[in-house]
file entry04.cif (mmCIF, C-alpha atoms and all ligand atoms)
data_start
#
loop_
_atom_site.label_atom_id
_atom_site.label_comp_id
_atom_site.auth_asym_id
_atom_site.auth_seq_id
_atom_site.Cartn_x
_atom_site.Cartn_y
_atom_site.Cartn_z
CA MET A 192 0.00 0.00 0.00
CA LYS A 193 2.70 2.42 1.08
CA LYS A 194 4.55 1.54 -2.09
CA GLN A 195 1.53 2.39 -4.22
CA VAL A 196 1.07 5.75 -2.57
CA LEU A 197 4.73 6.46 -3.07
CA SER A 198 4.69 5.57 -6.74
CA ALA A 199 1.52 7.56 -7.28
CA ALA A 200 3.25 10.53 -5.67
CA LEU A 201 6.24 9.96 -7.90
CA ILE A 202 4.11 9.93 -11.02
CA VAL A 203 2.40 13.16 -9.98
CA MET A 204 5.79 14.75 -9.36
CA MET A 205 7.07 13.59 -12.73
CA VAL A 206 4.03 14.98 -14.49
CA LEU A 207 4.37 18.28 -12.67
CA THR A 208 8.00 18.58 -13.75
CA LEU A 209 7.06 17.81 -17.34
CA CYS A 210 4.44 20.49 -17.49
CA ALA A 211 6.38 22.96 -15.44
CA CYS A 212 9.06 23.37 -18.05
CA GLY A 213 7.53 26.64 -19.19
CA SER A 214 7.87 28.16 -15.76
CA SER A 215 11.58 28.79 -16.19
CA GLY A 216 10.73 31.47 -18.73
CA SER A 217 10.70 35.08 -17.68
CA SER A 218 7.05 35.70 -18.44
CA GLY A 219 5.82 33.22 -15.89
CA THR A 220 2.81 32.41 -18.07
CA ALA A 221 3.39 28.70 -17.77
CA THR A 222 2.60 27.31 -14.38
CA LYS A 223 2.74 23.85 -12.97
CA GLY A 224 0.43 21.39 -14.65
CA VAL A 225 0.00 23.54 -17.75
CA LEU A 226 1.43 22.70 -21.14
CA VAL A 227 1.90 25.95 -23.04
CA MET A 228 1.77 25.56 -26.79
CA ALA A 229 2.92 28.33 -29.11
CA THR A 230 1.30 28.44 -32.52
CA ASN A 231 0.24 30.80 -35.29
CA ALA A 232 -3.47 30.28 -35.86
CA GLU A 233 -3.47 31.38 -39.49
CA PHE A 234 -2.92 27.98 -40.98
CA PRO A 235 -6.06 25.95 -41.64
CA PRO A 236 -6.66 23.03 -41.25
CA TYR A 237 -3.77 22.76 -38.74
CA GLU A 238 -4.62 25.82 -36.63
CA TYR A 239 -7.12 28.57 -37.13
CA LYS A 240 -9.66 30.55 -35.19
CA GLU A 241 -13.31 29.71 -34.85
CA GLY A 242 -14.56 32.75 -33.01
CA ASP A 243 -12.17 33.10 -30.09
CA LYS A 244 -11.28 29.44 -30.05
CA ILE A 245 -8.20 28.01 -31.71
CA VAL A 246 -9.12 24.78 -33.48
CA GLY A 247 -7.53 22.46 -36.00
CA ILE A 248 -5.40 19.35 -36.26
CA ASP A 249 -2.51 20.68 -34.17
CA ALA A 250 -4.80 22.03 -31.46
CA GLU A 251 -6.47 18.63 -31.13
CA ILE A 252 -3.19 16.70 -31.22
CA ALA A 253 -1.83 18.99 -28.50
CA GLU A 254 -4.97 18.47 -26.44
CA ALA A 255 -4.55 14.70 -26.74
CA ILE A 256 -0.87 14.90 -25.79
CA ALA A 257 -1.63 17.16 -22.82
CA GLN A 258 -4.25 14.69 -21.60
CA LYS A 259 -1.79 11.83 -21.84
CA ILE A 260 0.87 13.61 -19.84
CA GLY A 261 -1.64 14.94 -17.36
CA CYS A 262 -1.41 18.64 -18.12
CA LYS A 263 -3.91 21.32 -19.00
CA LEU A 264 -3.30 22.76 -22.47
CA GLU A 265 -2.91 26.49 -22.99
CA ILE A 266 -2.52 27.81 -26.54
CA GLU A 267 -0.64 31.02 -27.36
CA ASP A 268 -1.28 32.56 -30.77
CA ILE A 269 1.81 34.46 -31.92
CA ALA A 270 3.65 35.35 -35.14
CA PHE A 271 4.97 32.24 -36.88
CA ASP A 272 8.53 33.52 -36.91
CA SER A 273 8.45 34.04 -33.12
CA ILE A 274 7.51 30.48 -32.21
CA ILE A 275 11.03 29.05 -31.99
CA ALA A 276 12.20 31.95 -29.83
CA GLU A 277 9.18 31.46 -27.57
CA VAL A 278 10.14 27.81 -27.09
CA VAL A 279 13.85 28.55 -26.63
CA SER A 280 13.08 31.17 -23.97
CA GLY A 281 10.87 28.70 -22.12
CA LYS A 282 7.78 30.91 -22.35
CA ALA A 283 6.17 28.08 -24.28
CA ASP A 284 6.80 24.39 -23.69
CA ILE A 285 6.01 23.25 -27.17
CA GLY A 286 5.72 24.78 -30.62
CA LEU A 287 3.05 23.11 -32.71
CA ALA A 288 2.29 24.99 -35.89
CA GLY A 289 2.50 22.79 -38.95
CA MET A 290 6.18 23.40 -38.44
CA THR A 291 8.55 21.71 -40.85
CA ILE A 292 11.63 19.99 -39.51
CA THR A 293 14.65 21.79 -40.97
CA GLU A 294 18.37 21.51 -40.25
CA ASP A 295 18.47 25.19 -39.50
CA ARG A 296 15.71 25.04 -36.89
CA LYS A 297 17.36 21.98 -35.36
CA GLN A 298 20.20 24.24 -34.32
CA SER A 299 17.80 25.96 -31.91
CA VAL A 300 15.26 23.32 -30.85
CA ASN A 301 14.65 19.60 -30.77
CA PHE A 302 11.90 18.16 -32.92
CA SER A 303 9.58 15.36 -31.88
CA ASP A 304 8.92 12.45 -34.20
CA PRO A 305 7.01 13.69 -37.26
CA TYR A 306 3.22 13.53 -37.16
CA ALA A 307 2.37 14.69 -40.71
CA THR A 308 3.85 15.15 -44.16
CA SER A 309 3.37 18.08 -46.48
CA SER A 310 4.82 19.80 -49.51
CA GLN A 311 5.27 23.36 -50.71
CA VAL A 312 2.82 24.08 -53.52
CA VAL A 313 2.23 27.01 -55.83
CA ILE A 314 -1.10 28.86 -56.07
CA VAL A 315 -1.74 31.03 -59.14
CA GLN A 316 -4.70 32.73 -60.78
CA GLU A 317 -6.29 30.29 -63.18
CA ALA A 318 -6.46 33.06 -65.80
CA SER A 319 -2.72 33.74 -65.58
CA GLY A 320 -1.83 30.92 -67.95
CA ILE A 321 0.86 29.71 -65.54
CA LYS A 322 0.73 25.93 -65.77
CA GLY A 323 3.95 24.73 -64.20
CA LEU A 324 6.95 25.79 -62.18
CA SER A 325 8.88 26.58 -65.35
CA ASP A 326 6.34 29.28 -66.23
CA LEU A 327 7.53 31.26 -63.24
CA THR A 328 10.41 33.52 -64.21
CA GLU A 329 13.02 35.61 -62.45
CA ASP A 330 10.63 38.52 -62.61
CA SER A 331 7.70 36.71 -61.05
CA VAL A 332 6.54 38.17 -57.77
CA ILE A 333 6.04 35.42 -55.20
CA GLY A 334 4.05 35.81 -52.00
CA VAL A 335 4.88 33.82 -48.88
CA GLN A 336 4.20 33.83 -45.15
CA ILE A 337 7.21 35.36 -43.44
CA GLY A 338 9.67 32.93 -41.87
CA THR A 339 8.11 29.80 -43.35
CA THR A 340 9.88 27.18 -45.41
CA GLY A 341 8.07 28.62 -48.45
CA ASP A 342 9.81 31.92 -47.68
CA ILE A 343 13.18 30.17 -47.30
CA TYR A 344 12.95 28.21 -50.59
CA CYS A 345 11.66 31.12 -52.60
CA SER A 346 14.30 33.45 -51.24
CA ASP A 347 16.85 31.10 -52.83
CA SER A 348 15.07 30.82 -56.16
CA PHE A 349 13.39 34.17 -56.83
CA GLN A 350 14.32 37.82 -56.61
CA ASN A 351 10.92 39.34 -55.92
CA ILE A 352 9.45 38.00 -52.72
CA GLU A 353 6.54 39.64 -50.94
CA ARG A 354 6.41 38.53 -47.31
CA TYR A 355 3.11 38.60 -45.45
CA ASN A 356 2.27 38.03 -41.79
CA LYS A 357 -0.46 35.58 -42.75
CA GLY A 358 -0.73 33.11 -45.61
CA MET A 359 -4.25 34.39 -46.24
CA GLU A 360 -2.90 37.90 -46.86
CA ALA A 361 -0.62 36.53 -49.57
CA VAL A 362 -3.60 34.77 -51.15
CA GLN A 363 -5.62 38.00 -51.06
CA ALA A 364 -2.78 39.86 -52.79
CA LEU A 365 -2.81 37.15 -55.45
CA THR A 366 -6.55 37.50 -56.06
CA GLN A 367 -6.04 41.26 -56.36
CA GLY A 368 -3.37 40.71 -58.99
CA LYS A 369 -0.62 42.29 -56.87
CA ILE A 370 1.57 39.20 -57.03
CA ASP A 371 1.97 36.29 -59.48
CA ALA A 372 1.98 33.27 -57.18
CA VAL A 373 1.84 32.13 -53.57
CA VAL A 374 4.10 29.37 -52.26
CA ILE A 375 2.64 27.67 -49.21
CA ASP A 376 2.02 24.26 -47.62
CA SER A 377 -0.34 21.94 -49.48
CA GLU A 378 -3.25 21.61 -47.03
CA PRO A 379 -3.62 25.32 -46.23
CA ALA A 380 -3.33 25.95 -49.98
CA LYS A 381 -6.36 23.71 -50.60
CA VAL A 382 -8.36 25.57 -47.97
CA PHE A 383 -7.43 29.02 -49.32
CA VAL A 384 -8.15 28.02 -52.93
CA SER A 385 -11.54 26.62 -51.94
CA GLU A 386 -12.38 29.96 -50.29
CA ASN A 387 -11.23 32.19 -53.17
CA ALA A 388 -12.63 31.91 -56.67
CA GLY A 389 -10.34 31.86 -59.69
CA LEU A 390 -7.31 30.27 -58.03
CA ILE A 391 -5.64 26.94 -58.79
CA ILE A 392 -2.81 24.88 -57.32
CA LEU A 393 -0.12 23.77 -59.78
CA ASP A 394 0.31 20.00 -60.10
CA GLU A 395 4.07 20.24 -59.65
CA SER A 396 5.18 20.98 -56.13
CA TYR A 397 8.44 21.86 -54.41
CA THR A 398 10.01 19.89 -51.56
CA ASP A 399 8.32 17.31 -49.39
CA GLU A 400 8.37 18.12 -45.71
CA GLU A 401 7.55 16.67 -42.33
CA TYR A 402 5.80 18.43 -39.45
CA ALA A 403 6.86 17.95 -35.85
CA ALA A 404 6.61 19.59 -32.44
CA ALA A 405 9.45 21.92 -31.44
CA ILE A 406 10.71 21.54 -27.89
CA ARG A 407 13.49 23.28 -25.98
CA LYS A 408 16.81 21.43 -26.30
CA ASP A 409 17.34 20.85 -22.59
CA ASN A 410 13.82 19.53 -22.09
CA THR A 411 14.49 15.95 -23.17
CA GLU A 412 11.97 14.68 -20.64
CA LEU A 413 9.14 16.47 -22.40
CA LEU A 414 10.51 15.37 -25.78
CA GLU A 415 10.35 11.75 -24.69
CA ALA A 416 6.89 12.15 -23.21
CA VAL A 417 5.61 13.80 -26.40
CA ASN A 418 7.10 11.08 -28.58
CA LYS A 419 5.56 8.41 -26.39
CA ALA A 420 2.18 10.14 -26.53
CA LEU A 421 2.45 10.57 -30.31
CA SER A 422 3.26 6.92 -30.91
CA GLU A 423 0.29 5.87 -28.75
CA LEU A 424 -1.99 8.27 -30.60
CA LYS A 425 -0.74 6.88 -33.91
CA ALA A 426 -1.18 3.28 -32.80
CA ASP A 427 -4.71 3.65 -31.42
CA GLY A 428 -6.01 5.58 -34.43
CA THR A 429 -6.57 8.89 -32.60
CA LEU A 430 -4.20 10.76 -34.90
CA ASP A 431 -5.89 9.46 -38.04
CA ALA A 432 -9.29 10.33 -36.60
CA ILE A 433 -8.21 13.89 -35.86
CA VAL A 434 -6.79 14.32 -39.38
CA ALA A 435 -9.92 12.81 -40.95
CA LYS A 436 -12.06 15.32 -39.08
CA TYR A 437 -10.30 18.20 -40.85
CA ILE A 438 -9.07 16.74 -44.14
CA SER A 439 -11.45 14.79 -46.33
CA ALA A 440 -9.74 11.99 -48.23
CA ASN A 441 -10.00 12.55 -51.95
N1 LIG B 501 5.48 24.31 -42.76
C1 LIG B 501 5.90 25.65 -42.94
C2 LIG B 501 7.09 25.95 -42.05
O1 LIG B 501 7.41 25.23 -41.18
C3 LIG B 501 4.81 26.66 -42.67
C4 LIG B 501 4.19 26.59 -41.32
C5 LIG B 501 3.29 27.77 -41.04
N2 LIG B 501 2.51 27.54 -39.84
C6 LIG B 501 1.65 28.39 -39.30
N3 LIG B 501 0.99 27.98 -38.25
N4 LIG B 501 1.46 29.57 -39.79
O2 LIG B 501 7.73 26.92 -42.19
#
call {"tool": "encode", "arguments": {"input": "entry04.cif", "output": "structure tokens", "more": "lines below"}}
Ligand code: ARG
result
Amino acid sequence: MKKQVLSAALIVMMVLTLCACGSSGSSGTATKGVLVMATNAEFPPYEYKEGDKIVGIDAEIAEAIAQKIGCKLEIEDIAFDSIIAEVVSGKADIGLAGMTITEDRKQSVNFSDPYATSSQVVIVQEASGIKGLSDLTEDSVIGVQIGTTGDIYCSDSFQNIERYNKGMEAVQALTQGKIDAVVIDSEPAKVFVSENAGLIILDESYTDEEYAAAIRKDNTELLEAVNKALSELKADGTLDAIVAKYISAN
């Protein structure tokens, strides 16, 4: 009996340490038992706002992870290019934002096991006559969300990049004829194209990518707990069910 009480106490302590990782940050927003997730809720179907609520695949995955590790989830909506800094500073415990694993980001944070795949696609106006990547020239003006992998790739390949705070703003500029194309992740692209008449996604796409959770380098305990939770959620079908809720198979 004593043993059981002791181990129960140990588990509670372990959980509290896991979720308390954010409390080392200067803001003090993260308190014991709370898993603070930093995201940028401008990225349907992964994270977006429904009224005041942040919903989407990442929000639900985070909720499921938080439940498994016994924490309450708190979501912070910030600029995409601030998420890594927020995690590094400890103000957030986890960055979950359809974030692509890149070598460069790995210098600053650890990534969990991947939970989704994606690719960078190109959105153009159907009437533009642009049919493939080769129709884009040096003079083409490309819109991206600032700090994203789309931004990084295009900055290497094109001279005229327009950087927007939100992917949707880039898409609006495209519909207004201010830019020639938008380079963005495939699933958000489908959502934006379905909401704006006259736009198409080119068949050819750029790189394939993997999404994962970003976690502070010294927080290996949380990294392990998140990976364990993710593999359980994959195995029991929860992950697939969450994805199916937001992305219809076609
Ligand atoms: N996958 C891309 C990247 O990692 C874009 C992610 C944008 N996410 C967002 N929540 N706005 O750079």
call {"tool": "residues_near_ligand", "arguments": {"input": "entry04.cif", "ligand": "ligand LIG 501 (chain B)", "cutoff": "7 Å", "atoms": "only C-alpha atoms and all ligand atoms", "output": "PyMOL selection string"}}
result
chain A and resi 230-234+238+271+288-292+338-341+357+375-376+402
call {"tool": "closest_residue", "arguments": {"input": "entry04.cif", "among": "A:Val315, A:Ala405, A:Leu393, A:Ile274", "to": "Gln367 of chain A", "atoms": "only C-alpha atoms"}}
result
A:Val315
call {"tool": "closest_residue", "arguments": {"input": "entry04.cif", "among": "A:Gly323, A:Gly358, A:Gly261, A:Gly281", "to": "Glu395 of chain A", "atoms": "all atoms listed in the file"}}
result
A:Gly323
call {"tool": "atom_distance", "arguments": {"input": "entry04.cif", "atom1": "atom CA of Gly320 of chain A", "atom2": "atom CA of Ile337 of chain A"}}
result
26.5 Å
call {"tool": "closest_residue", "arguments": {"input": "entry04.cif", "among": "A:Ser319, A:Ser273, A:Asn356, A:Ser299", "to": "Val335 of chain A", "atoms": "only C-alpha atoms"}}
result
A:Asn356
call {"tool": "closest_residue", "arguments": {"input": "entry04.cif", "among": "A:Ala435, A:Val300, A:Ile314, A:Ile406", "to": "Ser377 of chain A", "atoms": "only C-alpha atoms"}}
result
A:Ile314
call {"tool": "atom_distance", "arguments": {"input": "entry04.cif", "atom1": "atom CA of Lys240 of chain A", "atom2": "atom CA of Val227 of chain A"}}
result
17.4 Å
call {"tool": "residues_around", "arguments": {"input": "entry04.cif", "residues": "Ile391 of chain A", "least_positions_apart": "4", "cutoff": "9 Å", "atoms": "all atoms listed in the file", "output": "MDAnalysis selection string"}}
result
chainID A and resid 313:317 381 384
call {"tool": "write_last_selection", "arguments": {"input": "entry04.cif", "atoms": "C-alpha atoms", "output": "tab-separated table (two decimals), keeping the file's coordinate frame"}}
result
chain	number	residue	atom	x	y	z
A	313	VAL	CA	2.23	27.01	-55.83
A	314	ILE	CA	-1.10	28.86	-56.07
A	315	VAL	CA	-1.74	31.03	-59.14
A	316	GLN	CA	-4.70	32.73	-60.78
A	317	GLU	CA	-6.29	30.29	-63.18
A	381	LYS	CA	-6.36	23.71	-50.60
A	384	VAL	CA	-8.15	28.02	-52.93
call {"tool": "closest_residue", "arguments": {"input": "entry04.cif", "among": "A:Val382, A:Leu287, A:Met228, A:Ile252", "to": "Glu267 of chain A", "atoms": "only C-alpha atoms"}}
result
A:Met228
call {"tool": "residues_around", "arguments": {"input": "entry04.cif", "residues": "Tyr437 of chain A", "least_positions_apart": "2", "cutoff": "7 Å", "atoms": "only C-alpha atoms", "output": "list in words"}}
result
Pro236, Ile248, Ile433, Val434, Ala435 and Ser439 of chain A
call {"tool": "build_atoms", "arguments": {"input": "entry04.cif", "residues": "segment 372-391 of chain A", "atoms": "N, CA and C atoms", "output": "PDB file, keeping the file's coordinate frame"}}
result
ATOM      1  N   ALA A 372       2.163  34.617 -57.736  1.00  0.00           N
ATOM      2  CA  ALA A 372       1.980  33.270 -57.180  1.00  0.00           C
ATOM      3  C   ALA A 372       2.172  33.305 -55.676  1.00  0.00           C
ATOM      4  N   VAL A 373       1.618  32.301 -55.011  1.00  0.00           N
ATOM      5  CA  VAL A 373       1.840  32.130 -53.570  1.00  0.00           C
ATOM      6  C   VAL A 373       2.444  30.748 -53.376  1.00  0.00           C
ATOM      7  N   VAL A 374       3.507  30.671 -52.598  1.00  0.00           N
ATOM      8  CA  VAL A 374       4.100  29.370 -52.260  1.00  0.00           C
ATOM      9  C   VAL A 374       3.801  29.089 -50.797  1.00  0.00           C
ATOM     10  N   ILE A 375       3.112  27.979 -50.556  1.00  0.00           N
ATOM     11  CA  ILE A 375       2.640  27.670 -49.210  1.00  0.00           C
ATOM     12  C   ILE A 375       2.415  26.155 -49.084  1.00  0.00           C
ATOM     13  N   ASP A 376       2.226  25.686 -47.870  1.00  0.00           N
ATOM     14  CA  ASP A 376       2.020  24.260 -47.620  1.00  0.00           C
ATOM     15  C   ASP A 376       0.722  23.766 -48.279  1.00  0.00           C
ATOM     16  N   SER A 377       0.742  22.483 -48.654  1.00  0.00           N
ATOM     17  CA  SER A 377      -0.340  21.940 -49.480  1.00  0.00           C
ATOM     18  C   SER A 377      -1.745  22.004 -48.856  1.00  0.00           C
ATOM     19  N   GLU A 378      -1.888  21.628 -47.594  1.00  0.00           N
ATOM     20  CA  GLU A 378      -3.250  21.610 -47.030  1.00  0.00           C
ATOM     21  C   GLU A 378      -3.838  23.007 -46.846  1.00  0.00           C
ATOM     22  N   PRO A 379      -3.091  23.954 -46.271  1.00  0.00           N
ATOM     23  CA  PRO A 379      -3.620  25.320 -46.230  1.00  0.00           C
ATOM     24  C   PRO A 379      -3.929  25.846 -47.630  1.00  0.00           C
ATOM     25  N   ALA A 380      -3.089  25.495 -48.606  1.00  0.00           N
ATOM     26  CA  ALA A 380      -3.330  25.950 -49.980  1.00  0.00           C
ATOM     27  C   ALA A 380      -4.711  25.491 -50.444  1.00  0.00           C
ATOM     28  N   LYS A 381      -5.049  24.225 -50.173  1.00  0.00           N
ATOM     29  CA  LYS A 381      -6.360  23.710 -50.600  1.00  0.00           C
ATOM     30  C   LYS A 381      -7.495  24.507 -49.947  1.00  0.00           C
ATOM     31  N   VAL A 382      -7.324  24.816 -48.665  1.00  0.00           N
ATOM     32  CA  VAL A 382      -8.360  25.570 -47.970  1.00  0.00           C
ATOM     33  C   VAL A 382      -8.503  26.962 -48.583  1.00  0.00           C
ATOM     34  N   PHE A 383      -7.379  27.653 -48.783  1.00  0.00           N
ATOM     35  CA  PHE A 383      -7.430  29.020 -49.320  1.00  0.00           C
ATOM     36  C   PHE A 383      -8.008  29.046 -50.741  1.00  0.00           C
ATOM     37  N   VAL A 384      -7.645  28.055 -51.547  1.00  0.00           N
ATOM     38  CA  VAL A 384      -8.150  28.020 -52.930  1.00  0.00           C
ATOM     39  C   VAL A 384      -9.660  27.751 -52.926  1.00  0.00           C
ATOM     40  N   SER A 385     -10.102  26.909 -51.991  1.00  0.00           N
ATOM     41  CA  SER A 385     -11.540  26.620 -51.940  1.00  0.00           C
ATOM     42  C   SER A 385     -12.339  27.844 -51.492  1.00  0.00           C
ATOM     43  N   GLU A 386     -11.675  28.770 -50.808  1.00  0.00           N
ATOM     44  CA  GLU A 386     -12.380  29.960 -50.290  1.00  0.00           C
ATOM     45  C   GLU A 386     -12.274  31.161 -51.225  1.00  0.00           C
ATOM     46  N   ASN A 387     -11.438  31.049 -52.267  1.00  0.00           N
ATOM     47  CA  ASN A 387     -11.230  32.190 -53.170  1.00  0.00           C
ATOM     48  C   ASN A 387     -11.390  31.755 -54.617  1.00  0.00           C
ATOM     49  N   ALA A 388     -12.365  32.327 -55.295  1.00  0.00           N
ATOM     50  CA  ALA A 388     -12.630  31.910 -56.670  1.00  0.00           C
ATOM     51  C   ALA A 388     -11.484  32.301 -57.596  1.00  0.00           C
ATOM     52  N   GLY A 389     -11.301  31.501 -58.647  1.00  0.00           N
ATOM     53  CA  GLY A 389     -10.340  31.860 -59.690  1.00  0.00           C
ATOM     54  C   GLY A 389      -8.913  31.422 -59.429  1.00  0.00           C
ATOM     55  N   LEU A 390      -8.677  30.691 -58.351  1.00  0.00           N
ATOM     56  CA  LEU A 390      -7.310  30.270 -58.030  1.00  0.00           C
ATOM     57  C   LEU A 390      -7.147  28.767 -58.260  1.00  0.00           C
ATOM     58  N   ILE A 391      -5.937  28.373 -58.652  1.00  0.00           N
ATOM     59  CA  ILE A 391      -5.640  26.940 -58.790  1.00  0.00           C
ATOM     60  C   ILE A 391      -4.278  26.628 -58.150  1.00  0.00           C
TER      61      ILE A 391
END
